[in-house]
Structure formats: structure tokens, C-alpha cells
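*Asks:* Handing you a structure now.
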Amino acid sequence: MHIRFTKMQGAGNDFVVLDETQGRLGLSAAQYRFLADRHFGVGADQILTVRPSPAPGLDFEYVIHNADGGEVEHCGNGARCFVRYVRDKGLTDKSTVRVKVQQGEIELRMNPDGRVTVDMGAPIFDWERVPFNPIGLISDQVNGWPVFDLALGELGIARVGVVSMGNPHAVQRVDDVDTFPVLAQGPLIEKHPAFPKRVNAGFMQIVSRSQIKLRVYERGAGETLACGTGACAAVVAGIRQGWLDARVDVQTHGGVLTIEWAGQADSPVLMTGPATSVFEGSIDVPDSL
């Protein structure tokens with residue numbers, strides 16, 4: 001199968017973007033893995049697919065597959081690339097679009113400075129919807145918000161706040177994000193039995209009430225240069241625990257994301273950051289892998 005693609009990145013989180021507005025490609029999980037492979041394919045953290053509007057009031061459908069081929073619920077950095085892609089390709093002339101994602105709808109806005117703001121929706125704290133099973137875990141309250149201790153064997157205990165931004169996140173505060181054993185703890189947290197669909201592991205260093213440093217070990221992708229939903233989850237967790245103000249600059253290895261949240265459970269989280277096209281190309285994807 002010969003397909004065209006666009007390579008994009010948002011704060012260093014990189015994507016292969018596919019246009020299915022004129023018809024489905026019908027790719028398998030193995031074919032998504034091939035596209036994401038940095039040696040044999042194009043190379044990406046996620047594969048983003050643009051599909052036609054599935055319902056009135058929506059402009060597009062937005063589908064995300066991780067580098068391991070599995071479909072996932074949400075990707076904030078990808079959402080910013082999505083809106084730049086549909087505008088650059090002439091699929092819409094709107095500066096604000098609404099799109100369907102796996103678990104709902106999101107709104108994306110192109111700003112005059114070229115950055116993109118994404119209304120990520122309200123954070124999810126209901127354990128069943130995260131999903132998260134806290135039975136048997138030691139817990140505590142910080143500023144009235146529950147945190148949980150995850151046993152990681154020889155690596156000790158990770159105390160995490162749990163929240164979903166359309167996909168599940170476990171966020172812990174660390175003293176120095178650059179020296180913390182992210183690559184050792186990340187896989188253990190990702191696959192901890194308390195998370196039936198696995199979890200993204202966030203490691204947050206607080207610089208001030210309006211600035212944090214963040215690393216994220218993502219489900220099915222490993223550590224990435226930036227994670228949009230991870231930045232949102234970290235700021236939400238920091239606000240809930242009383243550490244952060246309502247607007248926070250999140251420094252990732254790939255760049256800075258600005259996150260805003262009013263603090264009420266039903267308030268949407270707004271994320272603003274860059275979205276850039278890197279190159280376009282075409283590739284032969286094997287029919288069987």
C-alpha cells in the first residue's frame with residue numbers, strides 16, 4: 001500500500017499525520033507500528049488520522065494510534081498539529097474547529113501568533129472513568145485531594161495524584177526532574193495493576209507557582225519530548241494539591257506549553273503551544289507484517 005503522509009511536531013512530540021477524509025486506509029496495528037518505527041518506517045510518537053465529521057456541529061474526527069499500534073483516547077500535542085494540518089491542507093478555513101475524539105469532543109483554536117490553543121475539556125477524577133482501582137493502596141490527602149502510594153519493588157514508592165485528561169495519568173512530584181530515574185520508574189508505573197488500561201507516568205518538578213518542569217513516560221511510546229495531556233494532568237494535580245496558580249508554563253524537553261485551569265471540577269483545561277510541519281512524503285506500507 002502506497003500512502004502519503006505529513007510529519008509534524010508539537011514541542012518535540014512528533015507525529016505522522018494521515019488524511020482519511022476521502023476514504024479509510026484500513027491500516028492494521030502492525031502497519032501503524034511500521035509507520036512509527038524510526039528505523040524502518042517514518043518515525044513518530046503517535047499516528048494521527050483526520051476523518052470527516054461524524055455528526056452535525058463537528059468539523060472532523062481525530063483518531064490517535066500510539067507507536068505500539070494501539071488506539072488511544074487523546075493526545076494534546078497532536079491536537080495542536082491536527083488543527084494546523086487541516087488549515088494548511090485547505091480542509092477548513094476556520095480558525096476554531098470542533099473535533100470528535102475517542103471519548104468526547106474538543107475545541108481547537110489557531111492563534112494570531114501561530115500557536116494553537118486546545119480546549120482539552122474538564123479533567124476526570126472519577127476512578128471508574130480514569131480507569132483506576134485504588135483498592136489495597138495506601139492513600140493520603142493533600143489539600144483535600146487524595147494521593148496514592150504505588151509500590152515499585154526495589155525502586156520504592158511513588159506517591160501519585162491520579163487524573164484523566166481523556167487518557168489516564170499518574171503524576172508525582174520530584175525534586176529534580178533531570179536526575180530522577182524516569183526511565184526506571186516509568187515502565188513500572190505504566191503497567192501497575194491499579195491501572196487496568198495502563199497509565200501515563202508524569203514526573204513534575206515545581207519551579208514556582210507559575211512554572212514547572214515535566215517529563216512523561218507515555219503508555220505505548222516510552223518517554224517523549226513532550227506530552228500535552230501530561231502537561232495538563234500535571235498542572236491539574238499541582239493546583240488540586242495547592243502548589244500552583246491557575247496559569248502555568250510547563251517546560252518540557254521539547255519546549256514550553258502554557259496550561260490554564262480555573263480549578264473547578266467542571267472547568268475546562270486550556271493548553272497553548274506550538275505546532276509545526278516538518279516534511280511531507282510517501283511510503284510503501286507492507287500489506288502483511
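Following the order of the C-alpha cells, chains are lettered A, B, ..., residues in each are numbered from 1, and ligands are numbered from 1.
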Might you pull out every residue within 7 Å of Asn200 of chain A, with only C-alpha atoms counted and same-chain residues fewer than 4 positions away left off, and present them as a PyMOL selection string?

*Replies:* chain A and resi 168-170+190+216-219

*Asks:* What lies within 12 Å of Pro187 of chain A using only C-alpha atoms, ignoring chain neighbours under 4 positions off, as a list of chain:residue names?

*Replies:* A:Leu152, A:Leu155, A:Pro181, A:Val182, A:Leu183, A:Lys191, A:His192, A:Pro193, A:Arg198, A:Val199, A:Asn200, A:Ala201, A:Gly202, A:Val216, A:Tyr217, A:Glu218, A:Arg219, A:Gly220, A:Ala221, A:Gly222, A:Glu223

*Asks:* Restricting it to N, CA and C atoms, dump the selection as a PDB file, in the first residue's frame.

*Replies:*
```pdb
ATOM      1  N   LEU A 152       6.778   0.025  43.977  1.00  0.00           N
ATOM      2  CA  LEU A 152       7.553  -0.238  42.759  1.00  0.00           C
ATOM      3  C   LEU A 152       8.732  -1.158  43.034  1.00  0.00           C
ATOM      4  N   LEU A 155      12.519  -0.055  43.568  1.00  0.00           N
ATOM      5  CA  LEU A 155      12.546   1.380  43.333  1.00  0.00           C
ATOM      6  C   LEU A 155      11.697   2.155  44.328  1.00  0.00           C
ATOM      7  N   PRO A 181      14.995   8.954  38.271  1.00  0.00           N
ATOM      8  CA  PRO A 181      15.040   7.741  37.431  1.00  0.00           C
ATOM      9  C   PRO A 181      13.742   7.500  36.660  1.00  0.00           C
ATOM     10  N   VAL A 182      13.430   8.415  35.750  1.00  0.00           N
ATOM     11  CA  VAL A 182      12.191   8.330  34.977  1.00  0.00           C
ATOM     12  C   VAL A 182      12.125   7.045  34.160  1.00  0.00           C
ATOM     13  N   LEU A 183      13.229   6.689  33.515  1.00  0.00           N
ATOM     14  CA  LEU A 183      13.213   5.518  32.634  1.00  0.00           C
ATOM     15  C   LEU A 183      13.129   4.208  33.402  1.00  0.00           C
ATOM     16  N   LYS A 191       2.547   0.084  33.957  1.00  0.00           N
ATOM     17  CA  LYS A 191       1.929  -1.247  33.990  1.00  0.00           C
ATOM     18  C   LYS A 191       1.485  -1.646  35.393  1.00  0.00           C
ATOM     19  N   HIS A 192       1.386  -0.686  36.322  1.00  0.00           N
ATOM     20  CA  HIS A 192       0.961  -1.020  37.675  1.00  0.00           C
ATOM     21  C   HIS A 192      -0.461  -1.579  37.638  1.00  0.00           C
ATOM     22  N   PRO A 193      -0.736  -2.634  38.398  1.00  0.00           N
ATOM     23  CA  PRO A 193      -2.057  -3.283  38.334  1.00  0.00           C
ATOM     24  C   PRO A 193      -3.223  -2.395  38.757  1.00  0.00           C
ATOM     25  N   ARG A 198      -3.474   0.558  31.724  1.00  0.00           N
ATOM     26  CA  ARG A 198      -2.156   1.175  31.862  1.00  0.00           C
ATOM     27  C   ARG A 198      -2.302   2.682  32.102  1.00  0.00           C
ATOM     28  N   VAL A 199      -1.197   3.376  32.272  1.00  0.00           N
ATOM     29  CA  VAL A 199      -1.269   4.787  32.635  1.00  0.00           C
ATOM     30  C   VAL A 199      -0.031   5.512  32.136  1.00  0.00           C
ATOM     31  N   ASN A 200      -0.174   6.802  31.884  1.00  0.00           N
ATOM     32  CA  ASN A 200       0.953   7.671  31.581  1.00  0.00           C
ATOM     33  C   ASN A 200       1.550   8.158  32.896  1.00  0.00           C
ATOM     34  N   ALA A 201       2.859   8.051  33.041  1.00  0.00           N
ATOM     35  CA  ALA A 201       3.527   8.421  34.291  1.00  0.00           C
ATOM     36  C   ALA A 201       4.166   9.794  34.145  1.00  0.00           C
ATOM     37  N   GLY A 202       3.729  10.751  34.988  1.00  0.00           N
ATOM     38  CA  GLY A 202       4.259  12.101  34.950  1.00  0.00           C
ATOM     39  C   GLY A 202       5.186  12.373  36.117  1.00  0.00           C
ATOM     40  N   VAL A 216       7.421  12.940  30.967  1.00  0.00           N
ATOM     41  CA  VAL A 216       6.312  11.991  30.941  1.00  0.00           C
ATOM     42  C   VAL A 216       6.747  10.721  30.240  1.00  0.00           C
ATOM     43  N   TYR A 217       6.477   9.590  30.901  1.00  0.00           N
ATOM     44  CA  TYR A 217       6.672   8.274  30.293  1.00  0.00           C
ATOM     45  C   TYR A 217       5.299   7.820  29.817  1.00  0.00           C
ATOM     46  N   GLU A 218       5.101   7.791  28.496  1.00  0.00           N
ATOM     47  CA  GLU A 218       3.772   7.567  27.935  1.00  0.00           C
ATOM     48  C   GLU A 218       3.494   6.092  27.674  1.00  0.00           C
ATOM     49  N   ARG A 219       2.237   5.721  27.866  1.00  0.00           N
ATOM     50  CA  ARG A 219       1.788   4.377  27.503  1.00  0.00           C
ATOM     51  C   ARG A 219       2.109   4.088  26.046  1.00  0.00           C
ATOM     52  N   GLY A 220       2.749   2.956  25.815  1.00  0.00           N
ATOM     53  CA  GLY A 220       2.945   2.511  24.439  1.00  0.00           C
ATOM     54  C   GLY A 220       3.931   3.313  23.630  1.00  0.00           C
ATOM     55  N   ALA A 221       4.580   4.324  24.238  1.00  0.00           N
ATOM     56  CA  ALA A 221       5.527   5.143  23.481  1.00  0.00           C
ATOM     57  C   ALA A 221       6.828   5.367  24.227  1.00  0.00           C
ATOM     58  N   GLY A 222       6.851   5.171  25.559  1.00  0.00           N
ATOM     59  CA  GLY A 222       8.033   5.471  26.344  1.00  0.00           C
ATOM     60  C   GLY A 222       8.118   6.964  26.617  1.00  0.00           C
ATOM     61  N   GLU A 223       9.275   7.434  27.071  1.00  0.00           N
ATOM     62  CA  GLU A 223       9.405   8.861  27.335  1.00  0.00           C
ATOM     63  C   GLU A 223       9.415   9.632  26.023  1.00  0.00           C
TER      64      GLU A 223
END
```

*Asks:* Which of these residues is nearest to Leu137 of chain A, using only C-alpha atoms: A:Met165, A:Phe195, A:Gly43, A:Lys89?

*Replies:*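 Nearest to Leu137 of chain A: A:Phe195.
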
*Asks:* Can you check which residues of segment 35-112 of chain A DSSP gives as strand (DSSP E) on the backbone and send them as a PyMOL selection string?

*Replies:* chain A and resi 46-52+60-66+71-72+96-101+104-110

*Asks:* For a quick check of understanding, using only C-alpha atoms, which of A:Glu260, A:Asp284, A:Asp266, A:Asp19 has the smallest distance to Gly121 of chain A?

*Replies:* A:Asp266

*Asks:* Using only C-alpha atoms, find the one residue out of A:Leu214, A:Ala231, A:Ala122, A:Ile239 that sits nearest to Cys75 of chain A.

*Replies:*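 For Cys75 of chain A, the nearest of the candidates is A:Ala231.
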
*Asks:* Rounded to one decimal, what separation in Å do you get between atom CA of Phe5 of chain A and atom CA of Leu18 of chain A?

*Replies:*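 Atom-to-atom, atom CA of Phe5 of chain A to atom CA of Leu18 of chain A, that is 5.3 Å.
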